[in-house]
file input29.cif (mmCIF, C-alpha atoms)
data_upload
loop_
_atom_site.label_atom_id
_atom_site.label_comp_id
_atom_site.auth_asym_id
_atom_site.auth_seq_id
_atom_site.Cartn_x
_atom_site.Cartn_y
_atom_site.Cartn_z
CA MET A 14 9.31 26.08 -7.33
CA LEU A 15 5.92 27.39 -6.18
CA TYR A 16 6.46 25.66 -2.84
CA HIS A 17 9.72 27.54 -2.24
CA LEU A 18 8.16 30.80 -3.44
CA SER A 19 5.29 30.32 -1.00
CA GLN A 20 7.75 29.87 1.87
CA PHE A 21 9.26 33.25 1.06
CA LEU A 22 5.84 34.89 0.77
CA ASP A 23 4.72 33.30 4.04
CA GLN A 24 7.61 35.03 5.80
CA LEU A 25 6.19 38.29 4.48
CA ASN A 26 2.84 37.35 6.11
CA LEU A 27 1.06 37.22 2.76
CA PRO A 28 -2.47 35.81 3.36
CA GLY A 29 -2.93 32.30 1.95
CA ALA A 30 0.78 31.59 1.39
CA GLY A 31 0.86 29.18 4.33
CA MET A 32 -1.51 26.69 2.71
CA TRP A 33 1.23 25.69 0.25
CA SER A 34 3.12 24.05 3.09
CA TYR A 35 0.37 21.42 3.41
CA VAL A 36 1.19 18.21 1.57
CA SER A 37 -2.52 17.43 1.10
CA PHE A 38 -3.14 20.73 -0.71
CA ARG A 39 -0.13 20.40 -3.01
CA SER A 40 -0.87 16.72 -3.68
CA LEU A 41 -4.43 17.35 -4.85
CA LEU A 42 -3.25 20.31 -6.89
CA ALA A 43 -0.56 18.11 -8.49
CA LEU A 44 -3.19 15.49 -9.31
CA MET A 45 -5.43 18.01 -11.07
CA MET A 46 -2.55 19.75 -12.83
CA SER A 47 -1.03 16.53 -14.18
CA LEU A 48 -4.44 15.28 -15.30
CA ILE A 49 -5.11 18.47 -17.26
CA ILE A 50 -1.61 18.51 -18.77
CA SER A 51 -1.90 14.85 -19.76
CA LEU A 52 -5.29 15.35 -21.42
CA TRP A 53 -4.23 18.48 -23.31
CA VAL A 54 -0.77 17.30 -24.38
CA SER A 55 -2.04 13.83 -25.42
CA LYS A 56 -4.42 15.35 -27.94
CA LYS A 57 -1.70 17.65 -29.29
CA PHE A 58 0.77 14.78 -29.40
CA ILE A 59 -1.53 12.51 -31.42
CA THR A 60 -2.14 15.28 -33.95
CA TYR A 61 1.59 16.03 -34.17
CA MET A 62 2.56 12.40 -34.75
CA LYS A 63 0.07 12.07 -37.59
CA LYS A 64 1.22 15.30 -39.21
CA LYS A 65 4.82 14.11 -39.12
CA ARG A 66 3.71 11.09 -41.14
CA HIS A 67 5.31 8.55 -38.81
CA ILE A 68 2.16 6.48 -39.01
CA GLU A 69 1.87 6.70 -42.79
CA GLN A 70 5.47 5.56 -43.16
CA ALA A 71 4.86 2.53 -40.99
CA ARG A 72 1.69 1.68 -42.93
CA SER A 73 3.29 2.07 -46.37
CA ALA A 74 6.11 -0.23 -45.32
CA GLU A 75 3.49 -2.74 -44.12
CA ILE A 76 5.22 -3.20 -40.79
CA ASP A 77 4.09 -2.85 -37.24
CA PRO A 78 7.13 -1.36 -35.47
CA PHE A 79 5.75 -2.13 -32.00
CA GLY A 80 4.60 -5.69 -32.54
CA VAL A 81 1.03 -5.19 -31.36
CA LYS A 82 -0.78 -5.62 -34.72
CA LYS A 83 -2.32 -2.15 -34.56
CA ILE A 84 -0.75 -0.31 -37.45
CA GLY A 85 -1.73 3.33 -37.58
CA VAL A 86 -1.80 4.12 -33.86
CA PRO A 87 0.97 6.52 -32.69
CA SER A 88 3.36 5.32 -30.02
CA MET A 89 5.93 7.14 -27.84
CA GLY A 90 2.98 8.56 -25.88
CA GLY A 91 5.06 8.03 -22.77
CA VAL A 92 6.53 11.46 -23.55
CA VAL A 93 3.17 12.86 -22.43
CA ILE A 94 3.28 10.91 -19.17
CA VAL A 95 6.82 12.07 -18.38
CA LEU A 96 5.94 15.73 -19.04
CA ALA A 97 2.70 15.51 -17.05
CA VAL A 98 4.63 14.11 -14.07
CA VAL A 99 7.71 16.31 -14.18
CA ILE A 100 6.00 19.71 -14.58
CA PRO A 101 3.69 19.48 -11.50
CA ALA A 102 6.48 17.85 -9.47
CA LEU A 103 8.85 20.72 -10.27
CA LEU A 104 6.22 23.35 -9.54
CA LEU A 105 4.68 21.87 -6.41
CA GLY A 106 7.31 19.58 -4.93
CA LYS A 107 9.92 20.37 -2.32
CA LEU A 108 12.99 20.35 -4.55
CA THR A 109 15.42 20.11 -1.64
CA ASN A 110 13.93 16.75 -0.65
CA ILE A 111 16.26 13.90 -1.66
CA TYR A 112 13.34 11.56 -2.39
CA VAL A 113 11.72 13.99 -4.84
CA ILE A 114 15.08 14.51 -6.54
CA LEU A 115 15.60 10.76 -6.96
CA LEU A 116 12.10 10.27 -8.39
CA LEU A 117 12.58 13.12 -10.87
CA ILE A 118 15.88 11.62 -12.01
CA THR A 119 14.22 8.21 -12.34
CA VAL A 120 11.30 9.32 -14.51
CA VAL A 121 13.54 11.42 -16.77
CA TRP A 122 16.28 8.80 -17.15
CA PHE A 123 13.96 5.86 -17.81
CA GLY A 124 11.83 8.05 -20.08
CA PHE A 125 14.95 8.90 -22.09
CA LEU A 126 15.98 5.24 -22.24
CA GLY A 127 12.54 4.22 -23.49
CA PHE A 128 12.48 7.15 -25.93
CA LEU A 129 15.65 5.87 -27.60
CA ASP A 130 14.07 2.41 -27.91
CA ASP A 131 10.86 3.79 -29.44
CA LEU A 132 12.74 6.08 -31.81
CA ILE A 133 14.80 3.19 -33.19
CA LYS A 134 11.59 1.20 -33.74
CA LEU A 135 9.93 4.09 -35.56
CA ARG A 136 12.88 4.24 -37.92
CA GLY A 137 12.25 0.68 -39.06
CA ASN A 138 14.18 -1.54 -36.63
CA LYS A 139 11.54 -3.59 -34.82
CA ASP A 140 14.05 -4.81 -32.23
CA GLY A 141 14.61 -1.29 -30.91
CA LEU A 142 17.43 -0.55 -28.51
CA LYS A 143 19.65 -3.57 -27.94
CA PRO A 144 18.65 -5.37 -24.71
CA ARG A 145 22.14 -5.13 -23.23
CA TYR A 146 22.11 -1.33 -23.52
CA LYS A 147 18.64 -1.13 -22.02
CA LEU A 148 19.63 -3.38 -19.11
CA LEU A 149 22.84 -1.42 -18.64
CA GLY A 150 20.86 1.81 -18.35
CA GLN A 151 18.49 0.23 -15.83
CA PHE A 152 21.39 -1.23 -13.86
CA ALA A 153 23.20 2.12 -13.75
CA LEU A 154 20.17 3.94 -12.34
CA GLY A 155 19.39 1.18 -9.84
CA LEU A 156 22.96 1.24 -8.58
CA THR A 157 22.89 5.04 -8.33
CA ILE A 158 19.61 5.07 -6.37
CA GLY A 159 20.90 2.45 -3.95
CA ILE A 160 24.19 4.23 -3.32
CA VAL A 161 22.51 7.64 -2.84
CA LEU A 162 20.07 6.21 -0.30
CA TRP A 163 23.05 4.62 1.47
CA GLN A 164 25.12 7.79 1.59
CA SER A 165 22.56 10.62 1.82
CA PRO A 166 22.15 12.10 5.32
CA GLN A 167 18.50 12.88 4.46
CA ALA A 168 17.59 9.22 3.91
CA VAL A 169 16.95 8.19 7.51
CA ILE A 170 14.15 6.40 9.34
CA SER A 171 12.77 6.02 12.85
CA GLU A 172 12.20 2.31 13.21
CA SER A 173 9.52 2.66 15.89
CA VAL A 174 7.01 5.23 17.11
CA THR A 175 5.16 4.85 20.42
CA LYS A 176 2.04 6.62 21.57
CA LYS A 177 1.26 7.55 25.17
CA VAL A 178 -0.88 10.03 27.11
CA GLU A 179 0.71 12.66 29.32
CA ASN A 180 -1.48 15.18 31.17
CA SER A 181 -4.46 14.29 28.97
CA GLU A 182 -2.40 14.98 25.85
CA VAL A 183 -1.33 12.42 23.27
CA VAL A 184 2.44 12.35 22.90
CA TYR A 185 4.31 10.49 20.18
CA GLU A 186 7.82 9.31 20.92
CA LYS A 187 9.91 8.18 17.99
CA SER A 188 13.18 6.34 18.05
CA GLU A 189 16.24 8.24 16.91
CA ALA A 190 16.24 8.85 13.16
CA ARG A 191 19.21 7.02 11.69
CA LYS A 192 20.57 5.30 8.64
CA SER A 193 19.05 1.85 8.52
CA THR A 194 18.93 -1.24 6.33
CA VAL A 195 15.62 -2.33 7.82
CA THR A 196 12.79 -3.00 5.37
CA THR A 197 9.17 -4.12 5.69
CA LEU A 198 8.55 -7.84 5.42
CA PRO A 199 4.87 -8.86 5.16
CA PHE A 200 3.22 -11.62 7.20
CA VAL A 201 5.83 -11.79 9.97
CA LYS A 202 5.49 -10.80 13.63
CA ASN A 203 7.72 -7.74 13.72
CA ASN A 204 7.02 -6.88 10.09
CA ASN A 205 10.67 -5.93 9.56
CA LEU A 206 13.80 -7.46 8.07
CA ASP A 207 17.27 -6.02 8.53
CA TYR A 208 19.58 -6.75 5.59
CA THR A 209 22.49 -6.57 8.03
CA SER A 210 21.09 -9.56 9.94
CA VAL A 211 21.93 -11.75 6.96
CA PHE A 212 25.58 -11.23 7.90
CA ASN A 213 25.32 -11.89 11.65
CA TRP A 214 28.05 -14.47 11.25
CA ILE A 215 30.52 -11.62 10.64
CA GLU A 216 31.97 -10.55 14.01
CA ASN A 217 33.24 -7.10 13.00
CA GLY A 218 30.29 -4.68 13.35
CA THR A 219 31.57 -2.17 10.80
CA THR A 220 32.12 -4.86 8.18
CA ARG A 221 28.73 -6.39 8.94
CA ARG A 222 26.93 -3.06 8.45
CA ALA A 223 28.84 -2.41 5.22
CA CYS A 224 27.80 -5.82 3.91
CA GLY A 225 24.19 -5.04 4.85
CA TRP A 226 24.28 -1.82 2.84
CA ILE A 227 25.88 -3.56 -0.12
CA LEU A 228 23.07 -6.13 -0.06
CA PHE A 229 20.55 -3.27 0.13
CA VAL A 230 22.10 -1.64 -2.96
CA LEU A 231 22.02 -4.94 -4.87
CA VAL A 232 18.39 -5.60 -3.91
CA THR A 233 17.49 -2.03 -4.91
CA THR A 234 19.14 -2.47 -8.31
CA PHE A 235 17.41 -5.80 -8.90
CA VAL A 236 13.99 -4.46 -7.87
CA ILE A 237 14.26 -1.42 -10.16
CA MET A 238 15.32 -3.56 -13.14
CA ALA A 239 12.67 -6.21 -12.48
CA VAL A 240 9.72 -3.85 -12.00
CA SER A 241 10.59 -1.62 -14.97
CA ASN A 242 10.81 -4.68 -17.22
CA GLY A 243 7.59 -6.09 -15.75
CA ALA A 244 5.75 -2.85 -16.54
CA ASN A 245 7.24 -2.96 -20.02
CA LEU A 246 5.84 -6.44 -20.61
CA ASN A 247 2.45 -5.42 -19.22
CA ASP A 248 2.15 -2.71 -21.88
CA GLY A 249 0.54 -4.92 -24.51
CA MET A 250 -3.15 -4.03 -24.51
CA ASP A 251 -5.13 -0.82 -24.68
CA GLY A 252 -5.17 0.75 -21.22
CA MET A 253 -3.57 -2.23 -19.53
CA CYS A 254 -0.33 -0.76 -18.16
CA ALA A 255 -1.72 2.73 -17.52
CA GLY A 256 -4.68 1.39 -15.53
CA ASN A 257 -2.69 -1.11 -13.48
CA SER A 258 0.03 1.42 -12.74
CA ALA A 259 -2.47 4.08 -11.60
CA ILE A 260 -3.86 1.58 -9.08
CA ILE A 261 -0.38 0.59 -7.89
CA GLY A 262 0.61 4.25 -7.67
CA THR A 263 -2.42 5.00 -5.50
CA ALA A 264 -1.49 2.23 -3.08
CA LEU A 265 2.11 3.46 -2.91
CA GLY A 266 0.85 6.99 -2.28
CA ILE A 267 -1.14 5.73 0.71
CA LEU A 268 1.89 3.86 2.05
CA ALA A 269 4.12 6.91 1.56
CA TYR A 270 1.66 9.17 3.38
CA VAL A 271 1.39 6.71 6.27
CA SER A 272 5.19 6.41 6.48
CA GLY A 273 5.60 10.20 6.59
CA HIS A 274 2.83 10.85 9.13
CA ILE A 275 3.89 10.17 12.70
CA ASN A 276 0.32 9.52 13.95
CA PHE A 277 -0.44 6.88 11.31
CA ALA A 278 3.04 5.38 11.60
CA SER A 279 2.38 4.86 15.30
CA TYR A 280 -1.11 3.41 14.76
CA LEU A 281 0.03 0.94 12.09
CA ASN A 282 3.35 0.29 13.83
CA VAL A 283 5.37 0.99 10.69
CA MET A 284 8.64 2.80 10.17
CA TYR A 285 8.42 6.58 10.35
CA ILE A 286 10.39 8.05 7.42
CA PRO A 287 10.86 11.81 7.79
CA GLY A 288 10.41 13.61 4.48
CA SER A 289 8.61 10.74 2.74
CA GLU A 290 5.35 12.72 2.80
CA GLU A 291 6.76 14.75 -0.12
CA ILE A 292 6.61 11.59 -2.21
CA VAL A 293 2.81 11.89 -2.10
CA VAL A 294 2.97 15.08 -4.18
CA PHE A 295 5.01 13.27 -6.82
CA ILE A 296 2.81 10.16 -6.75
CA CYS A 297 -0.35 12.25 -7.19
CA ALA A 298 1.21 13.83 -10.26
CA PHE A 299 2.11 10.31 -11.43
CA VAL A 300 -1.43 8.96 -10.98
CA GLY A 301 -3.00 12.07 -12.57
CA ALA A 302 -0.74 11.73 -15.62
CA LEU A 303 -1.71 8.07 -16.05
CA ILE A 304 -5.44 8.75 -15.74
CA GLY A 305 -5.23 11.59 -18.24
CA PHE A 306 -3.28 9.40 -20.67
CA LEU A 307 -5.81 6.61 -20.17
CA TRP A 308 -8.47 8.88 -21.70
CA PHE A 309 -6.83 8.30 -25.10
CA ASN A 310 -5.15 4.96 -24.36
CA ALA A 311 -8.30 3.09 -23.30
CA TYR A 312 -9.84 0.66 -25.81
CA PRO A 313 -9.80 1.39 -28.70
CA ALA A 314 -6.49 3.19 -28.14
CA LYS A 315 -5.64 6.33 -30.06
CA VAL A 316 -2.08 6.34 -28.71
CA PHE A 317 0.38 3.90 -27.13
CA MET A 318 2.84 4.81 -24.40
CA GLY A 319 5.69 2.71 -25.81
CA ASP A 320 8.83 1.99 -23.83
CA THR A 321 9.09 5.72 -23.10
CA GLY A 322 6.14 5.37 -20.76
CA SER A 323 6.35 1.78 -19.53
CA LEU A 324 9.99 1.94 -18.43
CA ALA A 325 9.43 5.28 -16.67
CA ILE A 326 6.33 3.92 -14.95
CA GLY A 327 8.10 0.81 -13.68
CA GLY A 328 11.05 2.87 -12.49
CA VAL A 329 8.86 5.27 -10.48
CA ILE A 330 6.98 2.39 -8.84
CA ALA A 331 10.18 0.55 -7.89
CA VAL A 332 12.06 3.60 -6.59
CA THR A 333 9.07 4.74 -4.53
CA ALA A 334 8.79 1.32 -2.91
CA VAL A 335 12.52 1.28 -2.11
CA ILE A 336 12.44 4.78 -0.61
CA ILE A 337 9.63 3.90 1.80
CA HIS A 338 11.25 0.53 2.59
CA LYS A 339 8.41 -1.50 1.07
CA GLU A 340 10.34 -3.15 -1.79
CA LEU A 341 9.71 -6.68 -0.47
CA MET A 342 5.97 -6.04 -0.72
CA LEU A 343 6.18 -5.44 -4.48
CA PRO A 344 5.68 -9.12 -5.40
CA ILE A 345 2.18 -8.71 -3.95
CA LEU A 346 1.41 -5.16 -5.07
CA CYS A 347 2.90 -5.66 -8.55
CA GLY A 348 1.65 -9.22 -8.84
CA ILE A 349 0.45 -8.57 -12.40
CA PHE A 350 3.91 -7.38 -13.47
CA LEU A 351 5.46 -10.41 -11.76
CA MET A 352 3.05 -12.75 -13.51
CA GLU A 353 3.85 -11.18 -16.89
CA SER A 354 7.60 -11.61 -16.36
CA LEU A 355 7.34 -15.16 -15.01
CA SER A 356 5.11 -16.24 -17.90
CA VAL A 357 7.78 -15.16 -20.40
CA ILE A 358 10.56 -16.89 -18.44
CA ILE A 359 8.52 -20.11 -18.12
CA GLN A 360 7.55 -20.07 -21.79
CA ILE A 361 11.13 -19.61 -22.99
CA SER A 362 12.41 -22.31 -20.62
CA THR A 363 9.70 -24.75 -21.78
CA VAL A 364 10.49 -24.15 -25.46
CA LYS A 365 14.24 -24.64 -24.91
CA TRP A 366 13.68 -27.81 -22.87
CA GLY A 367 11.43 -29.19 -25.60
CA ARG A 368 13.99 -28.47 -28.32
CA ARG A 369 16.67 -30.37 -26.43
CA HIS A 370 14.35 -33.38 -26.36
CA GLY A 371 13.09 -33.04 -29.93
CA LYS A 372 9.61 -31.85 -28.98
CA LYS A 373 7.50 -28.77 -29.63
CA LEU A 374 6.44 -27.71 -26.15
CA ARG A 375 4.67 -24.58 -24.94
CA MET A 376 3.40 -23.77 -21.46
CA PHE A 377 1.01 -21.02 -22.60
CA LYS A 378 -0.63 -20.22 -25.91
CA ARG A 379 1.33 -16.96 -26.02
CA THR A 380 3.25 -14.75 -23.65
CA PRO A 381 3.28 -12.32 -21.87
CA ILE A 382 0.35 -13.90 -20.08
CA HIS A 383 -2.25 -11.33 -21.21
CA ASP A 384 -1.69 -12.51 -24.80
CA HIS A 385 -2.56 -16.06 -23.72
CA PHE A 386 -6.18 -14.99 -23.19
CA ARG A 387 -6.60 -13.41 -26.63
CA THR A 388 -5.00 -16.17 -28.71
CA ALA A 389 -7.38 -18.31 -30.73
CA GLN A 390 -6.89 -22.03 -31.18
CA SER A 391 -6.31 -21.47 -34.90
CA ASP A 392 -3.24 -19.36 -34.10
CA LEU A 393 -1.44 -22.11 -32.19
CA VAL A 394 1.77 -23.66 -33.51
CA PRO A 395 0.92 -26.85 -35.46
CA ASP A 396 1.92 -30.14 -33.80
CA ALA A 397 2.99 -28.34 -30.62
CA HIS A 398 1.93 -29.55 -27.19
CA TYR A 399 0.43 -26.85 -24.96
CA PHE A 400 0.26 -27.51 -21.22
CA ILE A 401 -2.31 -24.74 -20.69
CA LYS A 402 -4.91 -24.19 -23.42
CA LYS A 403 -7.73 -22.70 -21.39
CA PRO A 404 -9.65 -20.58 -21.99
CA THR A 405 -10.44 -22.18 -25.34
CA SER A 406 -12.59 -19.23 -26.37
CA LEU A 407 -11.05 -15.93 -27.46
CA LEU A 408 -11.60 -13.16 -24.89
CA GLN A 409 -12.15 -9.55 -25.92
CA GLU A 410 -9.22 -7.23 -25.28
CA ASN A 411 -11.16 -4.74 -23.15
CA MET A 412 -12.50 -7.60 -21.01
CA ILE A 413 -8.95 -8.87 -20.32
CA THR A 414 -7.78 -5.37 -19.44
CA VAL A 415 -10.58 -4.68 -16.96
CA ARG A 416 -10.13 -8.07 -15.31
CA PHE A 417 -6.42 -7.38 -14.85
CA TRP A 418 -7.35 -4.03 -13.27
CA ILE A 419 -9.65 -5.83 -10.84
CA VAL A 420 -6.88 -8.25 -9.87
CA THR A 421 -4.51 -5.32 -9.28
CA ILE A 422 -7.09 -3.58 -7.07
CA LEU A 423 -7.37 -6.77 -5.00
CA LEU A 424 -3.58 -7.06 -4.73
CA ALA A 425 -3.30 -3.40 -3.70
CA ALA A 426 -5.85 -3.96 -0.93
CA ILE A 427 -3.99 -7.06 0.27
CA THR A 428 -0.71 -5.11 0.31
CA ILE A 429 -2.14 -2.40 2.55
CA ILE A 430 -3.88 -4.94 4.80
CA THR A 431 -0.58 -6.76 5.41
CA LEU A 432 0.51 -3.82 7.58
CA LYS A 433 -1.89 -5.13 10.23
CA ILE A 434 -1.48 -8.86 9.53
CA ARG A 435 1.56 -10.17 11.38
#

call {"tool": "encode", "arguments": {"input": "input29.cif", "output": "structure tokens"}}
result
Amino acid sequence: MLYHLSQFLDQLNLPGAGMWSYVSFRSLLALMMSLIISLWVSKKFITYMKKKRHIEQARSAEIDPFGVKKIGVPSMGGVVIVLAVVIPALLLGKLTNIYVILLLITVVWFGFLGFLDDLIKLRGNKDGLKPRYKLLGQFALGLTIGIVLWQSPQAVISESVTKKVENSEVVYEKSEARKSTVTTLPFVKNNNLDYTSVFNWIENGTTRRACGWILFVLVTTFVIMAVSNGANLNDGMDGMCAGNSAIIGTALGILAYVSGHINFASYLNVMYIPGSEEIVVFICAFVGALIGFLWFNAYPAKVFMGDTGSLAIGGVIAVTAVIIHKELMLPILCGIFLMESLSVIIQISTVKWGRRHGKKLRMFKRTPIHDHFRTAQSDLVPDAHYFIKKPTSLLQENMITVRFWIVTILLAAITIITLKIR
């Protein structure tokens, strides 16, 4: 809103109005604004939740509606994160940009989906929203994002940018901006993969391109569902998900800025995506909201984000990666989320296999994997065989959280470095 107002004022030659057109200025302002909103609203939110006696009701019923053994700490704090992202994005973002619109829809829709889940839990049903409804909501948004990126005339890329010198001046020549199913593939020579190339065996070019776009939509849907669920599983310790997501968001912001800046796109030989620089404003609001929330969510937590926050966080990360054609780099960047999801899948598969053979088998002490490190030997299932028991000592929760942050920082650095490793 302020961006569009500034454009009008700039036409009237109002001094200072032109600075609002700079992405760097609006991004830093969004970061500060979201941080302040998150800090202020978090404090108000905690007070409100206690006054409404949600916590007292949970305590008197002797239940922990969120399954984290921390009765008395308010959840649904993801409402704060959503507000702290949406308000700066609306005020400072370019609201005609298709990418900003998609990200706003994502954070609101996933926030609403998580809010329903948290609300059901607060009312006494520990299972929350039925998994099929949650997955259906994730699938619907993923499908919508994929189709919009397929059909929108704004969602175009220039697959290559070359740099040369003419008359002592640096000139950048970009290939024609067009609809493309090309995405970034790390550790290969050309660093790109075209989904359409999977269907090279189809002779008809129109059919082949249509199949490539359909594959792109399916991959987009899968990525959005997988990352949002991975973030949801990672939200199990004080500050864990907020800290990891802020680091991931920072890396995505760097990648978005590079993709939207023709000079850097040429230097790193990556796809130039016109309009993707506006994503940086949104991502800065996203990171600022997470850091502000972390003030109260760090150990010992005074508030939890719940599914309201974790689903929205995962959705924003996934959609941003898809928009800048970096979705195939998420297994590296979101390695922690991937590890959390795989640990649950492996644990469930091991238990089922053991039951079929009349044995009590476990791969880990507990899952998601972060719980494995804080489970004491005395809490193990009697007579069960555990393939991985180390560490035998119980680690402190804040130590586990910080170590996971460090791993995510390393993965973020590796993700960015891959742009030059081919």

call {"tool": "resolve_selection", "arguments": {"input": "input29.cif", "expression": "the PyMOL selection byres ((chain A and resi 120-136) around 9)", "output": "ChimeraX atom specification"}}
result
/A:67-68,70-71,78-79,88-89,91-92,95,98-99,115-119,137-143,147,150-151,154,241,319-329

call {"tool": "resolve_selection", "arguments": {"input": "input29.cif", "expression": "the PyMOL selection byres ((chain A and resi 297-299) around 9)", "output": "MDAnalysis selection string"}}
result
chainID A and resid 40:48 94:95 97:102 259 262:263 266 292:296 300:304 326 329

call {"tool": "resolve_selection", "arguments": {"input": "input29.cif", "expression": "the PyMOL selection byres ((chain A and resi 354) around 8)", "output": "PDB file with C-alpha atoms, in the frame of the given file"}}
result
ATOM      1  CA  ASN A 242      10.810  -4.680 -17.220  1.00  0.00           C
ATOM      2  CA  GLY A 243       7.590  -6.090 -15.750  1.00  0.00           C
ATOM      3  CA  LEU A 246       5.840  -6.440 -20.610  1.00  0.00           C
ATOM      4  CA  PHE A 350       3.910  -7.380 -13.470  1.00  0.00           C
ATOM      5  CA  LEU A 351       5.460 -10.410 -11.760  1.00  0.00           C
ATOM      6  CA  MET A 352       3.050 -12.750 -13.510  1.00  0.00           C
ATOM      7  CA  GLU A 353       3.850 -11.180 -16.890  1.00  0.00           C
ATOM      8  CA  LEU A 355       7.340 -15.160 -15.010  1.00  0.00           C
ATOM      9  CA  SER A 356       5.110 -16.240 -17.900  1.00  0.00           C
ATOM     10  CA  VAL A 357       7.780 -15.160 -20.400  1.00  0.00           C
ATOM     11  CA  ILE A 358      10.560 -16.890 -18.440  1.00  0.00           C
ATOM     12  CA  PRO A 381       3.280 -12.320 -21.870  1.00  0.00           C
TER      13      PRO A 381
END

call {"tool": "closest_residue", "arguments": {"input": "input29.cif", "among": "A:Ile422, A:Ile50, A:Ile170, A:Ile349", "to": "A:Ala278", "atoms": "all atoms listed in the file"}}
result
A:Ile170

call {"tool": "residues_around", "arguments": {"input": "input29.cif", "residues": "A:Leu228", "least_positions_apart": "4", "cutoff": "10 Å", "atoms": "all atoms listed in the file", "output": "list of chain:residue names"}}
result
A:Gly159, A:Thr194, A:Tyr208, A:Thr209, A:Val211, A:Phe212, A:Arg222, A:Ala223, A:Cys224, A:Val232, A:Thr233, A:Thr234

call {"tool": "axis_aligned_box", "arguments": {"input": "input29.cif", "around": "stretch 304-308 of chain A", "padding_each_side": "6 Å", "output": "AutoDock Vina command-line options"}}
result
--center_x -5.9 --center_y 9.1 --center_z -18.7 --size_x 17.2 --size_y 17.0 --size_z 18.0

call {"tool": "residues_around", "arguments": {"input": "input29.cif", "residues": "A:Val364", "least_positions_apart": "5", "cutoff": "8 Å", "atoms": "all atoms listed in the file", "output": "ChimeraX atom specification"}}
result
/A:373-375

call {"tool": "closest_residue", "arguments": {"input": "input29.cif", "among": "A:Gly288, A:Pro344, A:Pro166, A:Gly367", "to": "A:Leu198", "atoms": "all atoms listed in the file"}}
result
A:Pro344

call {"tool": "atom_distance", "arguments": {"input": "input29.cif", "atom1": "atom CA of A:Thr431", "atom2": "atom CA of A:Trp226"}}
result
25.5 Å

call {"tool": "residues_around", "arguments": {"input": "input29.cif", "residues": "A:Ile429", "least_positions_apart": "2", "cutoff": "12 Å", "atoms": "all atoms listed in the file", "output": "ChimeraX atom specification"}}
result
/A:197,199-200,261,263-269,271,281,283,339,342-343,345-346,422-427,431-434

call {"tool": "atom_distance", "arguments": {"input": "input29.cif", "atom1": "atom CA of A:Lys315", "atom2": "atom CA of A:Pro144"}}
result
27.5 Å

call {"tool": "atom_distance", "arguments": {"input": "input29.cif", "atom1": "atom CA of A:Tyr312", "atom2": "atom CA of A:Met376"}}
result
28.1 Å

call {"tool": "residues_around", "arguments": {"input": "input29.cif", "residues": "A:Met284", "least_positions_apart": "4", "cutoff": "12 Å", "atoms": "only C-alpha atoms", "output": "VMD selection string"}}
result
chain A and resid 169 to 175 187 to 191 193 to 198 203 to 206 268 to 280 289 336 to 339 432

call {"tool": "closest_residue", "arguments": {"input": "input29.cif", "among": "A:Thr333, A:Asn110, A:Ser55, A:Gln360", "to": "A:Val240", "atoms": "all atoms listed in the file"}}
result
A:Thr333
